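A short write-up of the structure that comes next.
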Amino acid sequence: LHAAALPLSTVLQGAYLGHYACCAGDTWASELGVLDRSAPRLVTTCRKVPTGTNGGVSLTGTLCSAAAGVFMGLTYFFIENDAVLDEAAAATLPAQWPVILLGL
């Protein structure tokens with residue numbers, strides 16, 4: 001992503017990456033969060049709720065959601081680096097690690 005040189009491309013790639021990172025995070029959280037042994041807590045009131053309740057949040061689900069976002073960021077990073085064939089052009093790109101870790 002290179003916002004200064006390619007603003008439209010950066011916005012479109014960021015939106016694409018953000019969409020799939022969000023979808024992966026939601027899927028990983030809901031599918032793997034139910035494996036948590038402790039009862040999830042309702043996001044609005046922090047009261048314990050049965051597993052599978054809409055709005056229930058568990059530590060395992062939250063960590064899995066973050067892992068999915070990092071996975072999507074790493075996938076983008078490796079695909080993007082593979083797509084840049086010109087070494088001189090690659091050297092001018094800004095650091096891409098914030099995309100992986102922070103989603104920026």
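Chain labels run A, B, ... following the order of the structure tokens; each chain numbers its residues from 1, and ligands are numbered from 1 in the order shown.
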
Item checked: Spatial neighbours of Ala66 (chain A), 7 Å, only C-alpha atoms, chain gap at least 4 places, as a count of residues only -> 3

Check: Got a sec: who's within 8 Å of Leu32 (chain A), counting only C-alpha atoms, leaving out chain neighbours fewer than 3 positions off, as a VMD selection string?
Finding: chain A and resid 28 to 29 35 to 36 60 to 61 64

Take the residues that were just selected and, keeping N, CA, C and O atoms, output them as a short mmCIF file (atom, residue, chain, number, x, y, z; two decimals), in the first residue's frame.
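Contents of out-v7.cif, freshly written:
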data_model
loop_
_atom_site.label_atom_id
_atom_site.label_comp_id
_atom_site.auth_asym_id
_atom_site.auth_seq_id
_atom_site.Cartn_x
_atom_site.Cartn_y
_atom_site.Cartn_z
N TRP A 28 -13.68 -17.08 12.45
CA TRP A 28 -12.79 -17.75 13.40
C TRP A 28 -13.30 -17.57 14.82
O TRP A 28 -13.25 -18.49 15.63
N ALA A 29 -13.77 -16.37 15.16
CA ALA A 29 -14.26 -16.11 16.52
C ALA A 29 -15.49 -16.96 16.83
O ALA A 29 -15.59 -17.55 17.91
N LEU A 35 -15.24 -23.14 21.71
CA LEU A 35 -14.40 -24.15 22.36
C LEU A 35 -13.89 -23.69 23.72
O LEU A 35 -13.31 -24.48 24.46
N ASP A 36 -14.10 -22.41 24.05
CA ASP A 36 -13.66 -21.88 25.34
C ASP A 36 -14.45 -22.57 26.45
O ASP A 36 -15.67 -22.72 26.36
N THR A 60 -11.13 -16.77 24.07
CA THR A 60 -10.68 -17.59 22.95
C THR A 60 -11.17 -17.04 21.62
O THR A 60 -10.41 -16.95 20.65
N GLY A 61 -12.43 -16.65 21.57
CA GLY A 61 -12.98 -16.09 20.34
C GLY A 61 -12.31 -14.78 19.95
O GLY A 61 -12.02 -14.54 18.77
N CYS A 64 -8.85 -15.60 18.62
CA CYS A 64 -8.96 -16.20 17.30
C CYS A 64 -9.30 -15.15 16.25
O CYS A 64 -8.80 -15.20 15.12
#

Check: Can you list, as a PyMOL selection string, every residue of region 19-65 of chain A that DSSP puts in strand (DSSP E)?
Finding: chain A and resi 41-42+56-57

For the selection you just gave me, I'd like the residues written to a file as a CSV table (one decimal), in the first residue's frame, keeping C-alpha atoms.
chain,number,residue,atom,x,y,z
A,41,ARG,CA,-20.0,-12.7,28.5
A,42,LEU,CA,-22.6,-10.5,26.8
A,56,GLY,CA,-21.5,-13.4,23.6
A,57,VAL,CA,-17.7,-12.7,23.8

Margin query: When you count only C-alpha atoms, which of these residues is closest to Gly33 (chain A): A:Leu74, A:Leu93, A:Leu59, A:Ala67?
Written below: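 Ranked by minimum distance to Gly33 (chain A), first place goes to A:Leu59.
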
Next item on the list: Have a look at CA of Gly52 (chain A) and CA of Val34 (chain A) and let me know their distance in Å, one decimal.
Entry: 6.8 Å

Item checked: Coordinates-based distance that separates CA of Tyr76 (chain A) from CA of Glu31 (chain A) (Å, one decimal) -> 22.9 Å

Next item on the list: For CA of Cys23 (chain A) and CA of Pro50 (chain A), determine how far apart the two atoms are, in Å to one decimal place.
Entry: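 Computing it gives 23.4 Å between the two atoms.
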
Next item on the list: Can you work out which one of A:Gly69, A:Val11, A:Ala21, A:Ser58 has the shortest atom-to-atom distance to Ala39 (chain A), counting only C-alpha atoms?
Entry: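 Of A:Gly69, A:Val11, A:Ala21, A:Ser58, the one nearest Ala39 (chain A), counting only C-alpha atoms, is A:Ser58.
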
Next item on the list: Tell me which of A:Thr45, A:Arg37, A:Ala24, A:Ser9 sits closest to Ser65 (chain A), counting only C-alpha atoms.
Entry: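 Closest to Ser65 (chain A), using only C-alpha atoms: A:Ala24.
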
Check: From the list A:Gly55, A:Lys48, A:Pro7, A:Tyr16, which residue is nearest Ser30 (chain A) when using only C-alpha atoms?
Finding: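 Checking each candidate against Ser30 (chain A), we get A:Gly55 as the closest.
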